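Trainee: Dropping in target-v5.txt, which is compact mmCIF, C-alpha atoms (C1' of nucleotides):
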# COMPACT_ATOMS: atom_id res chain seq x y z
CA MET I 1 83.51 58.59 -73.28
CA GLU I 2 82.52 56.62 -70.24
CA TYR I 3 79.59 58.79 -69.20
CA LYS I 4 78.05 59.27 -72.60
CA SER I 5 74.73 57.59 -71.90
CA ILE I 6 74.09 59.11 -68.47
CA LEU I 7 74.87 62.59 -69.82
CA LYS I 8 72.45 62.02 -72.65
CA ASN I 9 69.88 60.96 -70.05
CA ILE I 10 70.43 64.21 -68.15
CA ALA I 11 70.38 66.27 -71.34
CA ARG I 12 66.83 65.19 -72.00
CA HIS I 13 65.70 67.68 -69.36
CA ILE I 14 68.47 70.16 -68.55
CA THR I 15 71.54 71.57 -70.32
CA LEU I 16 74.91 71.40 -68.57
CA ASN I 17 78.07 73.33 -69.42
CA GLU I 18 81.56 71.81 -69.31
CA GLU I 19 82.20 72.76 -65.72
CA GLU I 20 78.88 71.35 -64.53
CA ILE I 21 79.54 68.11 -66.39
CA VAL I 22 82.84 67.78 -64.54
CA LEU I 23 81.20 68.46 -61.18
CA PHE I 24 78.57 65.87 -61.90
CA THR I 25 80.66 63.05 -63.33
CA ALA I 26 83.27 63.50 -60.57
CA VAL I 27 80.82 62.18 -57.96
CA LEU I 28 79.59 59.15 -59.92
CA LYS I 29 80.87 55.82 -58.71
CA LYS I 30 81.04 53.08 -61.29
CA LYS I 31 80.29 49.54 -60.16
CA GLU I 32 80.44 46.30 -62.09
CA LEU I 33 77.94 43.76 -60.85
CA LYS I 34 77.83 40.06 -61.40
CA ARG I 35 74.57 38.18 -61.97
CA LYS I 36 72.66 37.88 -58.64
CA GLU I 37 74.99 40.36 -56.91
CA VAL I 38 73.08 42.36 -54.29
CA ILE I 39 73.70 46.10 -53.83
CA LEU I 40 71.06 46.75 -51.16
CA LYS I 41 69.59 44.57 -48.42
CA PRO I 42 66.57 45.17 -46.16
CA GLU I 43 67.31 47.15 -42.98
CA GLN I 44 70.41 48.77 -44.49
CA PRO I 45 70.45 52.50 -45.21
CA CYS I 46 70.21 53.38 -48.90
CA PRO I 47 72.24 56.56 -49.41
CA PHE I 48 72.53 56.24 -53.20
CA ILE I 49 70.56 56.16 -56.40
CA ASN I 50 71.72 53.96 -59.23
CA TYR I 51 71.86 54.64 -62.92
CA VAL I 52 71.91 51.43 -64.98
CA ASP I 53 74.50 51.79 -67.72
CA GLN I 54 74.32 48.19 -68.90
CA GLY I 55 72.35 45.15 -67.78
CA VAL I 56 69.21 44.65 -65.69
CA LEU I 57 68.49 45.15 -61.98
CA ARG I 58 65.42 44.36 -59.92
CA ALA I 59 64.06 45.67 -56.63
CA TYR I 60 61.92 43.40 -54.49
CA TYR I 61 60.18 43.29 -51.15
CA THR I 62 60.40 40.11 -49.10
CA ASP I 63 57.18 39.66 -47.15
CA LYS I 64 56.58 37.87 -43.86
CA ASN I 65 56.05 34.56 -45.66
CA GLY I 66 59.42 34.88 -47.36
CA ASN I 67 57.95 35.59 -50.79
CA GLU I 68 59.76 38.02 -53.06
CA ASN I 69 57.49 40.69 -54.50
CA ILE I 70 59.18 42.51 -57.36
CA ILE I 71 58.45 46.22 -57.29
CA MET I 72 60.41 47.29 -60.34
CA PHE I 73 62.91 46.31 -62.97
CA ALA I 74 65.52 48.67 -64.37
CA VAL I 75 67.26 48.14 -67.70
CA SER I 76 69.87 50.31 -69.44
CA ASP I 77 69.26 54.04 -69.06
CA TRP I 78 66.93 53.62 -66.04
CA TRP I 79 67.43 54.78 -62.48
CA ILE I 80 66.65 52.56 -59.51
CA THR I 81 66.72 52.92 -55.74
CA ASP I 82 64.60 52.39 -52.64
CA MET I 83 63.24 55.93 -52.78
CA HIS I 84 61.49 55.58 -49.43
CA SER I 85 64.78 54.80 -47.78
CA PHE I 86 66.86 57.23 -49.84
CA ALA I 87 64.61 60.24 -49.37
CA GLY I 88 63.62 59.65 -45.77
CA GLU I 89 66.95 58.21 -44.64
CA LYS I 90 65.13 55.21 -43.25
CA PRO I 91 66.20 51.56 -43.23
CA SER I 92 65.53 49.94 -46.56
CA MET I 93 62.55 47.64 -47.10
CA LEU I 94 63.79 46.38 -50.45
CA THR I 95 66.52 44.22 -51.89
CA ILE I 96 68.17 45.47 -55.08
CA GLU I 97 69.95 42.85 -57.12
CA ALA I 98 71.48 42.39 -60.56
CA VAL I 99 69.41 40.07 -62.76
CA GLU I 100 72.41 39.65 -65.05
CA ASN I 101 75.97 41.06 -65.19
CA SER I 102 75.52 44.81 -65.12
CA ILE I 103 77.34 48.13 -64.89
CA ILE I 104 75.86 50.89 -62.75
CA LEU I 105 76.80 54.44 -61.78
CA GLN I 106 76.03 55.33 -58.18
CA LEU I 107 75.20 58.83 -57.03
CA HIS I 108 75.40 59.33 -53.28
CA LYS I 109 72.94 61.41 -51.33
CA VAL I 110 75.53 63.74 -49.78
CA ASP I 111 77.01 64.39 -53.21
CA LEU I 112 73.59 64.99 -54.66
CA GLU I 113 72.71 67.49 -51.93
CA LYS I 114 75.93 69.39 -52.64
CA LEU I 115 75.15 69.27 -56.33
CA PHE I 116 71.72 70.81 -55.70
CA LEU I 117 73.44 73.76 -54.02
CA LYS I 118 76.14 74.22 -56.65
CA VAL I 119 73.98 73.52 -59.69
CA PRO I 120 70.31 74.19 -58.88
CA LYS I 121 69.30 72.97 -62.33
CA PHE I 122 69.60 69.49 -60.88
CA GLU I 123 66.58 70.22 -58.69
CA ARG I 124 64.68 70.56 -61.94
CA PHE I 125 66.13 67.38 -63.37
CA PHE I 126 65.18 65.36 -60.33
CA ARG I 127 61.80 67.03 -60.10
CA ILE I 128 61.05 65.77 -63.61
CA MET I 129 62.52 62.36 -62.85
CA MET I 130 60.34 61.97 -59.72
CA GLN I 131 57.34 63.19 -61.67
CA ASN I 132 57.90 60.51 -64.30
CA ALA I 133 58.39 57.87 -61.65
CA TYR I 134 55.17 58.92 -59.96
CA VAL I 135 53.26 58.84 -63.26
CA ARG I 136 54.58 55.35 -64.00
CA GLU I 137 53.48 54.09 -60.60
CA GLN I 138 50.09 55.71 -60.97
CA LEU I 139 49.59 54.06 -64.36
CA ARG I 140 50.59 50.76 -62.84
CA ALA I 141 48.05 51.26 -60.07
CA VAL I 142 45.35 51.91 -62.70
CA GLN I 143 46.27 48.73 -64.50
CA ASN I 144 46.40 46.59 -61.40
CA LEU I 145 42.93 47.75 -60.47
CA SER I 146 41.29 47.50 -63.87
CA LEU I 147 42.97 44.69 -65.81
CA THR I 148 42.89 40.91 -65.44
CA SER I 149 46.14 39.00 -64.95
CA GLU I 150 46.17 37.99 -68.60
CA GLU I 151 45.72 41.57 -69.76
CA ARG I 152 48.46 42.76 -67.43
CA TYR I 153 50.82 40.14 -68.81
CA LEU I 154 50.08 41.14 -72.40
CA HIS I 155 50.53 44.79 -71.53
CA PHE I 156 53.82 44.06 -69.79
CA THR I 157 55.31 42.13 -72.70
CA LYS I 158 54.22 44.82 -75.13
CA LYS I 159 55.54 47.69 -73.05
CA TYR I 160 58.80 46.06 -71.97
CA PRO I 161 59.64 43.54 -74.70
CA GLN I 162 63.27 43.55 -73.56
CA PHE I 163 62.28 42.24 -70.11
CA ALA I 164 60.28 39.32 -71.41
CA ASN I 165 63.50 37.90 -72.85
CA GLN I 166 66.03 38.90 -70.23
CA VAL I 167 64.03 38.10 -67.12
CA PRO I 168 62.91 34.62 -65.96
CA LEU I 169 59.17 33.88 -65.92
CA LYS I 170 59.24 33.49 -62.19
CA GLN I 171 60.27 37.12 -61.77
CA ILE I 172 57.75 38.41 -64.27
CA ALA I 173 55.04 36.58 -62.34
CA SER I 174 56.27 38.23 -59.15
CA TYR I 175 56.15 41.66 -60.78
CA LEU I 176 52.61 41.03 -62.03
CA GLY I 177 51.48 39.82 -58.61
CA ILE I 178 50.65 36.24 -59.62
CA THR I 179 52.24 32.83 -59.07
CA PRO I 180 54.68 31.35 -61.61
CA GLU I 181 52.33 28.39 -62.07
CA PHE I 182 49.49 30.66 -63.01
CA LEU I 183 51.61 32.70 -65.42
CA SER I 184 52.69 29.47 -67.04
CA ALA I 185 49.03 28.58 -67.52
CA ILE I 186 48.31 32.01 -69.02
CA ARG I 187 51.16 31.56 -71.50
CA LYS I 188 49.92 28.16 -72.50
CA LYS I 189 46.45 29.48 -73.08
CA LEU I 190 47.78 32.35 -75.18
CA SER I 191 49.99 30.10 -77.30
CA THR I 192 47.32 27.55 -78.22
CA PRO I 193 45.48 28.71 -81.37
CA ASN I 194 42.24 29.54 -79.56
CA SER I 195 39.96 26.57 -79.93
CA MET Y 196 44.35 84.79 -43.78
CA GLU Y 197 42.86 82.81 -46.64
CA TYR Y 198 46.03 81.02 -47.68
CA LYS Y 199 47.28 80.08 -44.26
CA SER Y 200 47.18 76.32 -44.68
CA ILE Y 201 48.67 76.15 -48.17
CA LEU Y 202 51.53 78.44 -47.11
CA LYS Y 203 52.19 76.22 -44.15
CA ASN Y 204 52.23 73.28 -46.53
CA ILE Y 205 54.84 75.01 -48.69
CA ALA Y 206 56.86 76.06 -45.65
CA ARG Y 207 57.45 72.45 -44.76
CA HIS Y 208 60.07 72.32 -47.51
CA ILE Y 209 61.07 75.83 -48.62
CA THR Y 210 61.09 79.32 -47.10
CA LEU Y 211 59.40 82.14 -48.99
CA ASN Y 212 59.83 85.88 -48.43
CA GLU Y 213 56.94 88.39 -48.58
CA GLU Y 214 57.37 89.09 -52.26
CA GLU Y 215 57.47 85.42 -53.18
CA ILE Y 216 54.35 84.78 -51.15
CA VAL Y 217 52.55 87.45 -53.12
CA LEU Y 218 53.72 86.04 -56.44
CA PHE Y 219 52.55 82.61 -55.39
CA THR Y 220 49.18 83.39 -53.88
CA ALA Y 221 48.33 85.72 -56.78
CA VAL Y 222 48.08 82.77 -59.18
CA LEU Y 223 45.99 80.52 -56.96
CA LYS Y 224 42.38 80.15 -58.00
CA LYS Y 225 39.95 79.32 -55.24
CA LYS Y 226 37.02 77.05 -56.08
CA GLU Y 227 34.13 75.93 -53.93
CA LEU Y 228 32.88 72.51 -54.88
CA LYS Y 229 29.61 70.85 -54.07
CA ARG Y 230 29.35 67.17 -53.24
CA LYS Y 231 29.78 65.09 -56.43
CA GLU Y 232 30.92 68.11 -58.42
CA VAL Y 233 33.42 67.07 -61.10
CA ILE Y 234 36.49 69.17 -61.86
CA LEU Y 235 38.11 66.90 -64.44
CA LYS Y 236 36.65 64.45 -66.94
CA PRO Y 237 38.41 61.82 -69.09
CA GLU Y 238 39.72 63.11 -72.42
CA GLN Y 239 39.91 66.70 -71.18
CA PRO Y 240 43.28 68.38 -70.73
CA CYS Y 241 44.35 68.81 -67.11
CA PRO Y 242 46.37 72.03 -66.90
CA PHE Y 243 46.11 72.41 -63.13
CA ILE Y 244 47.04 70.85 -59.83
CA ASN Y 245 44.68 71.14 -56.92
CA TYR Y 246 45.37 71.83 -53.28
CA VAL Y 247 42.54 70.65 -51.01
CA ASP Y 248 41.88 73.34 -48.44
CA GLN Y 249 38.76 71.72 -47.00
CA GLY Y 250 36.83 68.55 -47.80
CA VAL Y 251 37.65 65.36 -49.72
CA LEU Y 252 38.24 64.66 -53.41
CA ARG Y 253 38.77 61.42 -55.27
CA ALA Y 254 40.38 60.52 -58.59
CA TYR Y 255 39.16 57.46 -60.46
CA TYR Y 256 39.66 55.62 -63.71
CA THR Y 257 36.61 54.32 -65.53
CA ASP Y 258 37.50 51.07 -67.29
CA LYS Y 259 36.00 49.56 -70.42
CA ASN Y 260 33.30 47.81 -68.39
CA GLY Y 261 32.23 51.10 -66.86
CA ASN Y 262 33.63 50.31 -63.42
CA GLU Y 263 35.15 53.13 -61.40
CA ASN Y 264 38.61 52.32 -60.04
CA ILE Y 265 39.66 54.82 -57.41
CA ILE Y 266 43.32 55.75 -57.71
CA MET Y 267 43.56 58.18 -54.84
CA PHE Y 268 41.72 60.21 -52.26
CA ALA Y 269 42.80 63.66 -51.14
CA VAL Y 270 41.71 65.26 -47.86
CA SER Y 271 42.61 68.66 -46.38
CA ASP Y 272 46.21 69.67 -47.02
CA TRP Y 273 46.71 67.19 -49.87
CA TRP Y 274 47.40 67.88 -53.55
CA ILE Y 275 45.60 66.01 -56.31
CA THR Y 276 45.73 65.97 -60.10
CA ASP Y 277 46.03 63.62 -63.04
CA MET Y 278 49.81 63.91 -63.10
CA HIS Y 279 50.11 61.93 -66.32
CA SER Y 280 47.92 64.44 -68.07
CA PHE Y 281 49.30 67.50 -66.28
CA ALA Y 282 52.97 66.73 -66.86
CA GLY Y 283 52.70 65.32 -70.35
CA GLU Y 284 49.91 67.64 -71.54
CA LYS Y 285 47.95 64.62 -72.61
CA PRO Y 286 44.19 64.02 -72.45
CA SER Y 287 43.15 62.96 -68.98
CA MET Y 288 42.38 59.34 -68.14
CA LEU Y 289 40.86 60.14 -64.79
CA THR Y 290 37.80 61.79 -63.31
CA ILE Y 291 38.37 64.02 -60.30
CA GLU Y 292 35.33 64.65 -58.16
CA ALA Y 293 34.39 66.09 -54.78
CA VAL Y 294 33.31 63.37 -52.33
CA GLU Y 295 31.73 66.07 -50.15
CA ASN Y 296 31.47 69.88 -50.26
CA SER Y 297 35.04 71.09 -50.58
CA ILE Y 298 37.24 74.12 -51.13
CA ILE Y 299 40.26 73.82 -53.39
CA LEU Y 300 43.01 76.11 -54.64
CA GLN Y 301 43.99 75.55 -58.25
CA LEU Y 302 47.45 76.21 -59.62
CA HIS Y 303 47.65 76.34 -63.40
CA LYS Y 304 50.51 74.87 -65.37
CA VAL Y 305 51.42 78.08 -67.19
CA ASP Y 306 51.52 79.95 -63.90
CA LEU Y 307 53.60 77.22 -62.32
CA GLU Y 308 56.12 77.31 -65.18
CA LYS Y 309 56.46 81.06 -64.76
CA LEU Y 310 56.86 80.59 -61.04
CA PHE Y 311 59.69 78.08 -61.61
CA LEU Y 312 61.54 80.79 -63.57
CA LYS Y 313 60.90 83.61 -61.11
CA VAL Y 314 61.34 81.58 -57.93
CA PRO Y 315 63.50 78.51 -58.62
CA LYS Y 316 62.99 77.33 -55.06
CA PHE Y 317 59.66 76.00 -56.27
CA GLU Y 318 61.51 73.43 -58.36
CA ARG Y 319 62.79 72.11 -55.06
CA PHE Y 320 59.36 72.14 -53.48
CA PHE Y 321 57.80 70.21 -56.30
CA ARG Y 322 60.75 67.86 -56.49
CA ILE Y 323 60.11 66.90 -52.89
CA MET Y 324 56.37 66.70 -53.46
CA MET Y 325 56.82 64.38 -56.44
CA GLN Y 326 59.30 62.33 -54.46
CA ASN Y 327 56.76 61.87 -51.68
CA ALA Y 328 54.03 60.99 -54.15
CA TYR Y 329 56.31 58.42 -55.77
CA VAL Y 330 57.20 56.91 -52.40
CA ARG Y 331 53.52 56.66 -51.46
CA GLU Y 332 52.70 54.87 -54.71
CA GLN Y 333 55.64 52.55 -54.28
CA LEU Y 334 54.52 51.63 -50.78
CA ARG Y 335 51.04 51.01 -52.09
CA ALA Y 336 52.46 48.75 -54.77
CA VAL Y 337 54.32 46.77 -52.09
CA GLN Y 338 51.14 46.37 -50.10
CA ASN Y 339 49.00 45.35 -53.04
CA LEU Y 340 51.51 42.65 -53.90
CA SER Y 341 52.13 41.30 -50.42
CA LEU Y 342 48.96 41.74 -48.35
CA THR Y 343 45.56 40.05 -48.44
CA SER Y 344 42.42 42.11 -48.95
CA GLU Y 345 41.65 41.99 -45.25
CA GLU Y 346 45.12 43.18 -44.31
CA ARG Y 347 44.93 46.00 -46.88
CA TYR Y 348 41.60 47.11 -45.44
CA LEU Y 349 42.96 47.14 -41.89
CA HIS Y 350 46.03 49.03 -43.03
CA PHE Y 351 43.88 51.55 -44.88
CA THR Y 352 41.62 52.29 -41.92
CA LYS Y 353 44.63 52.62 -39.64
CA LYS Y 354 46.58 54.89 -41.95
CA TYR Y 355 43.66 57.05 -43.06
CA PRO Y 356 41.12 56.95 -40.21
CA GLN Y 357 39.53 60.13 -41.53
CA PHE Y 358 38.64 58.44 -44.83
CA ALA Y 359 36.92 55.47 -43.24
CA ASN Y 360 34.33 57.86 -41.85
CA GLN Y 361 34.00 60.38 -44.66
CA VAL Y 362 34.04 58.02 -47.61
CA PRO Y 363 31.31 55.46 -48.48
CA LEU Y 364 32.25 51.77 -48.27
CA LYS Y 365 31.72 51.39 -51.99
CA GLN Y 366 34.52 53.83 -52.70
CA ILE Y 367 36.89 52.29 -50.17
CA ALA Y 368 36.30 48.92 -51.85
CA SER Y 369 37.12 50.50 -55.20
CA TYR Y 370 40.34 51.95 -53.80
CA LEU Y 371 41.34 48.59 -52.35
CA GLY Y 372 40.57 46.81 -55.61
CA ILE Y 373 37.74 44.62 -54.32
CA THR Y 374 33.96 44.56 -54.68
CA PRO Y 375 31.69 46.33 -52.17
CA GLU Y 376 30.02 42.99 -51.38
CA PHE Y 377 33.33 41.44 -50.45
CA LEU Y 378 34.38 44.40 -48.33
CA SER Y 379 31.06 44.13 -46.55
CA ALA Y 380 31.86 40.49 -45.81
CA ILE Y 381 35.32 41.40 -44.52
CA ARG Y 382 33.80 43.98 -42.19
CA LYS Y 383 31.27 41.50 -40.89
CA LYS Y 384 33.99 38.96 -40.22
CA LEU Y 385 36.10 41.54 -38.39
CA SER Y 386 33.21 42.75 -36.25
CA THR Y 387 32.13 39.31 -35.01
CA PRO Y 388 34.09 38.40 -31.87
CA ASN Y 389 36.17 35.71 -33.57
CA SER Y 390 34.51 32.39 -32.91
C1' DC S 391 7.22 60.42 -46.56
C1' DG S 392 8.93 58.61 -50.75
C1' DT S 393 12.72 57.89 -53.76
C1' DC S 394 17.28 56.90 -54.70
C1' DT S 395 21.49 54.97 -53.51
C1' DA S 396 24.40 52.34 -50.38
C1' DT S 397 24.96 48.23 -47.76
C1' DT S 398 24.10 43.56 -46.51
C1' DT S 399 23.02 38.67 -47.44
C1' DG S 400 23.28 34.37 -49.80
C1' DA S 401 23.96 31.11 -53.65
C1' DA S 402 26.45 29.87 -57.62
C1' DT S 403 30.58 30.63 -60.25
C1' DG S 404 35.19 31.70 -61.63
C1' DT S 405 39.79 33.15 -60.94
C1' DA S 406 43.99 32.34 -58.96
C1' DC S 407 46.52 29.71 -55.35
C1' DT S 408 48.73 25.60 -52.98
C1' DC S 409 50.93 21.44 -53.17
C1' DA S 410 53.15 17.74 -55.40
C1' DA S 411 55.51 15.90 -59.07
C1' DA S 412 57.43 15.63 -63.66
C1' DA S 413 59.94 17.66 -67.37
C1' DG S 414 63.26 20.99 -69.21
C1' DC S 415 67.53 23.54 -69.19
C1' DG S 416 72.08 25.35 -68.09
C1' DG S 417 76.23 24.99 -65.88
C1' DT S 418 79.98 22.24 -63.77
C1' DG S 419 83.10 18.69 -62.93
C1' DG S 420 84.78 14.23 -63.79
C1' DC K 421 81.74 15.19 -73.84
C1' DC K 422 78.53 13.45 -71.05
C1' DA K 423 76.33 12.87 -66.46
C1' DC K 424 74.66 14.99 -62.73
C1' DC K 425 72.95 18.80 -59.95
C1' DG K 426 70.18 22.67 -59.03
C1' DC K 427 66.88 25.67 -60.50
C1' DT K 428 63.02 27.00 -63.59
C1' DT K 429 58.97 25.83 -65.97
C1' DT K 430 55.09 22.97 -66.82
C1' DT K 431 51.12 20.04 -65.49
C1' DG K 432 47.27 18.61 -62.82
C1' DA K 433 44.20 18.02 -58.84
C1' DG K 434 42.05 20.03 -55.11
C1' DT K 435 41.00 24.31 -52.59
C1' DA K 436 40.38 29.06 -51.16
C1' DC K 437 39.52 33.63 -52.14
C1' DA K 438 36.83 36.89 -54.46
C1' DT K 439 33.28 37.87 -57.97
C1' DT K 440 28.64 38.04 -60.10
C1' DC K 441 23.90 38.25 -59.76
C1' DA K 442 19.66 38.85 -57.40
C1' DA K 443 17.10 40.43 -53.73
C1' DA K 444 16.24 42.27 -49.16
C1' DT K 445 17.33 45.97 -45.88
C1' DA K 446 19.00 50.27 -44.34
C1' DG K 447 20.16 55.20 -44.81
C1' DA K 448 20.31 59.78 -46.79
C1' DC K 449 18.31 63.64 -49.05
C1' DG K 450 14.87 66.46 -50.91
Before we go any further, please render this structure as structure tokens.
Mentor:
Amino acid sequence: MEYKSILKNIARHITLNEEEIVLFTAVLKKKELKRKEVILKPEQPCPFINYVDQGVLRAYYTDKNGNENIIMFAVSDWWITDMHSFAGEKPSMLTIEAVENSIILQLHKVDLEKLFLKVPKFERFFRIMMQNAYVREQLRAVQNLSLTSEERYLHFTKKYPQFANQVPLKQIASYLGITPEFLSAIRKKLSTPNS
Amino acid sequence: MEYKSILKNIARHITLNEEEIVLFTAVLKKKELKRKEVILKPEQPCPFINYVDQGVLRAYYTDKNGNENIIMFAVSDWWITDMHSFAGEKPSMLTIEAVENSIILQLHKVDLEKLFLKVPKFERFFRIMMQNAYVREQLRAVQNLSLTSEERYLHFTKKYPQFANQVPLKQIASYLGITPEFLSAIRKKLSTPNS
DNA sequence: CGTCTATTTGAATGTACTCAAAAGCGGTGG
DNA sequence: CCACCGCTTTTGAGTACATTCAAATAGACG
């Protein structure tokens, strides 16, 4: 079954019958992405949300100096989009790109709006999903304000051990809001038996 | 009408009939808060969300060094809670406190759950509310990663001019993630006709 | 008016950045 | 299969941004 993992993801919060499953899966668009393939560029509209079936994606903001600031990673079983653009139908600020070869399922906004009307349970599902996303961001804000760079790095590797292996140091540094050089120095310090 | 502003807030996203308005307003609990009055302390459960009818509230995290890190402010017509604690029924990490004399309307979790069953439209309302909260946090994350302290301060005063007047400098510094001394220096620099 | 807290000032310090260059690593083509 | 290319990671020196600490000044509230 192609949609096994996304249906399991949905089932964590709402229960769908056969008919609803068909309605839902019918609007999903599967995409296979190659490493470094970009699915969203700044200034474009972002009329879809993406479920990561396999692989890793990242979303980043390119600032006026040309630096990439990584806002989030998404591994298997995560959802990722530029929510600001998706919800408000505004031009995107972010780039979304595959970190490695990946498979995603895209859900388009028009299809989602129809789905809300036909199967109102999905309002509940997305309410809970948004709530979780908000909580995650709020926790991240707490950590950025209260922890040092070293503590944030340790917390990151503990919380997302899969990322630490799949994602280059440079990108982890960007996510943590520090330079790659400085993260390299932190790693060195942590690896030397403290003397 | 006591509930005029909260009903207008709701009406931005869903339409309620007379009966639904009664059901909703019946579960709201009005509270008058004095300056510095605390409505949530760390480790307590947080079974309510708060609508700010008048005044200003702040939510902050107290780290292991005893420093207060302000996560958010809420002025009139905003909602505030420790969403991590509210949604997950976990002990709170935050303190929520009135910055000045305020009036809030509290909505308790059990009442909200009942409301979701009786009036499913509220799932939609809170879905949109969570979505907006998530977008706000994501924008803040972008700014924290890509702007300097000075730029963040300017952005803050532009976006929330009401806060800059109602909230002490010390708390703005805490929200921006810098020390009061340094914010004072930024202000001084900005006020001197650049020479 | 006096007390308490917030803000400003300045000096010394530390954290993290920039820039430049070397070393490592993976993929590709000859 | 090895040599080369491009990109990532490491290293180090010098610098800038932001903090800590201490003390003076200003403001707010009872």
Trainee: Starting from the point (63.1, 44.8, -66.2), work out which residues of protein, DNA or RNA have an atom no more than 9 Å away when counting only C-alpha atoms (C1' of nucleotides); state them as a PyMOL selection string.
Mentor: chain I and resi 56-58+72-75+99+160+162-164+166-167+172
Trainee: Can you list, as a PyMOL selection string, every protein, DNA or RNA residue that comes within 9 Å of segment 345-351 of chain Y when you count only C-alpha atoms (C1' of nucleotides), leaving out same-chain residues fewer than 3 positions away?
Mentor: chain Y and resi 338-339+342+354-356+358-359+367-368+371+378+381-382+385
Trainee: Each residue of chain Y lying at most 9 Å from chain S should get a row with its shortest atom-to-atom pair and the distance in Å to one decimal, counting only C-alpha atoms (C1' of nucleotides); could you produce that, ordered by chain and increasing number, as a Markdown table?
Mentor:
| residue | atom | partner | partner_atom | distance |
| --- | --- | --- | --- | --- |
| Y:Pro363 | CA | S:DA396 | C1' | 7.8 |
| Y:Leu364 | CA | S:DT397 | C1' | 8.1 |
| Y:Lys365 | CA | S:DA396 | C1' | 7.6 |
| Y:Pro375 | CA | S:DT397 | C1' | 8.3 |
| Y:Glu376 | CA | S:DT398 | C1' | 7.7 |
| Y:Ser379 | CA | S:DT398 | C1' | 7.0 |
| Y:Ala380 | CA | S:DT398 | C1' | 8.4 |
Trainee: Closest to chain Y among I:Asn9, I:Gln138, I:Thr95, I:Asn50, using all atoms listed in the file?
Mentor: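 Comparing I:Asn9, I:Gln138, I:Thr95, I:Asn50 against chain Y, the winner is I:Gln138.
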Trainee: I need the chain K residues near chain I as a list in words; criterion: at most 12 Å, counting all atoms listed in the file.
Mentor: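 In the required form, that comes to DC427, DT428, DT429, DT430, DT431 and DG432 of chain K.
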Trainee: Residues of chain Y within 9 Å of chain I, counting all atoms listed in the file, what are they? List them as number ranges by chain.
Mentor: Y: 255-259, 262-266, 277-279, 282, 315-316, 318-337, 339-342, 369-373
Trainee: Where's the centre, and what are the edge lengths in Å to one decimal, of a box along x, y and z enclosing all listed atoms of segment 436-447 of chain K padded 6 Å per side, as JSON?
Mentor:
{"center_x": 28.3, "center_y": 42.1, "center_z": -52.2, "size_x": 36.1, "size_y": 38.1, "size_z": 27.8}
Trainee: What's the separation between atom CA of Glu100 of chain I and atom CA of Ile49 of chain I, in Å to one decimal place?
Mentor: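 Interatomic distance, atom CA of Glu100 of chain I to atom CA of Ile49 of chain I: 18.7 Å.
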Trainee: Which value, in Å to one decimal, gives the distance between atom CA of Leu218 of chain Y and atom CA of Trp273 of chain Y?
Mentor: 21.2 Å
Trainee: Could you jot down the atom C1' of DA448 of chain K to atom CA of Ser271 of chain Y separation for me, Å, one decimal place?
Mentor: 24.0 Å
Trainee: Which residues, written as a PyMOL selection string, have at least one atom at most 12 Å from Leu7 of chain I, with all atoms listed in the file counted and residues fewer than 3 positions away on the same chain left out?
Mentor: chain I and resi 1-4+10-18+20-22+24-25+28+51+53+77+105+125
Trainee: For DC437 of chain K, which of Y:His303, Y:Phe377, Y:Lys353, Y:Lys231 is the closest residue, counting all atoms listed in the file?
Mentor: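 Answer, going by the shortest atom-to-atom distance: Y:Phe377.
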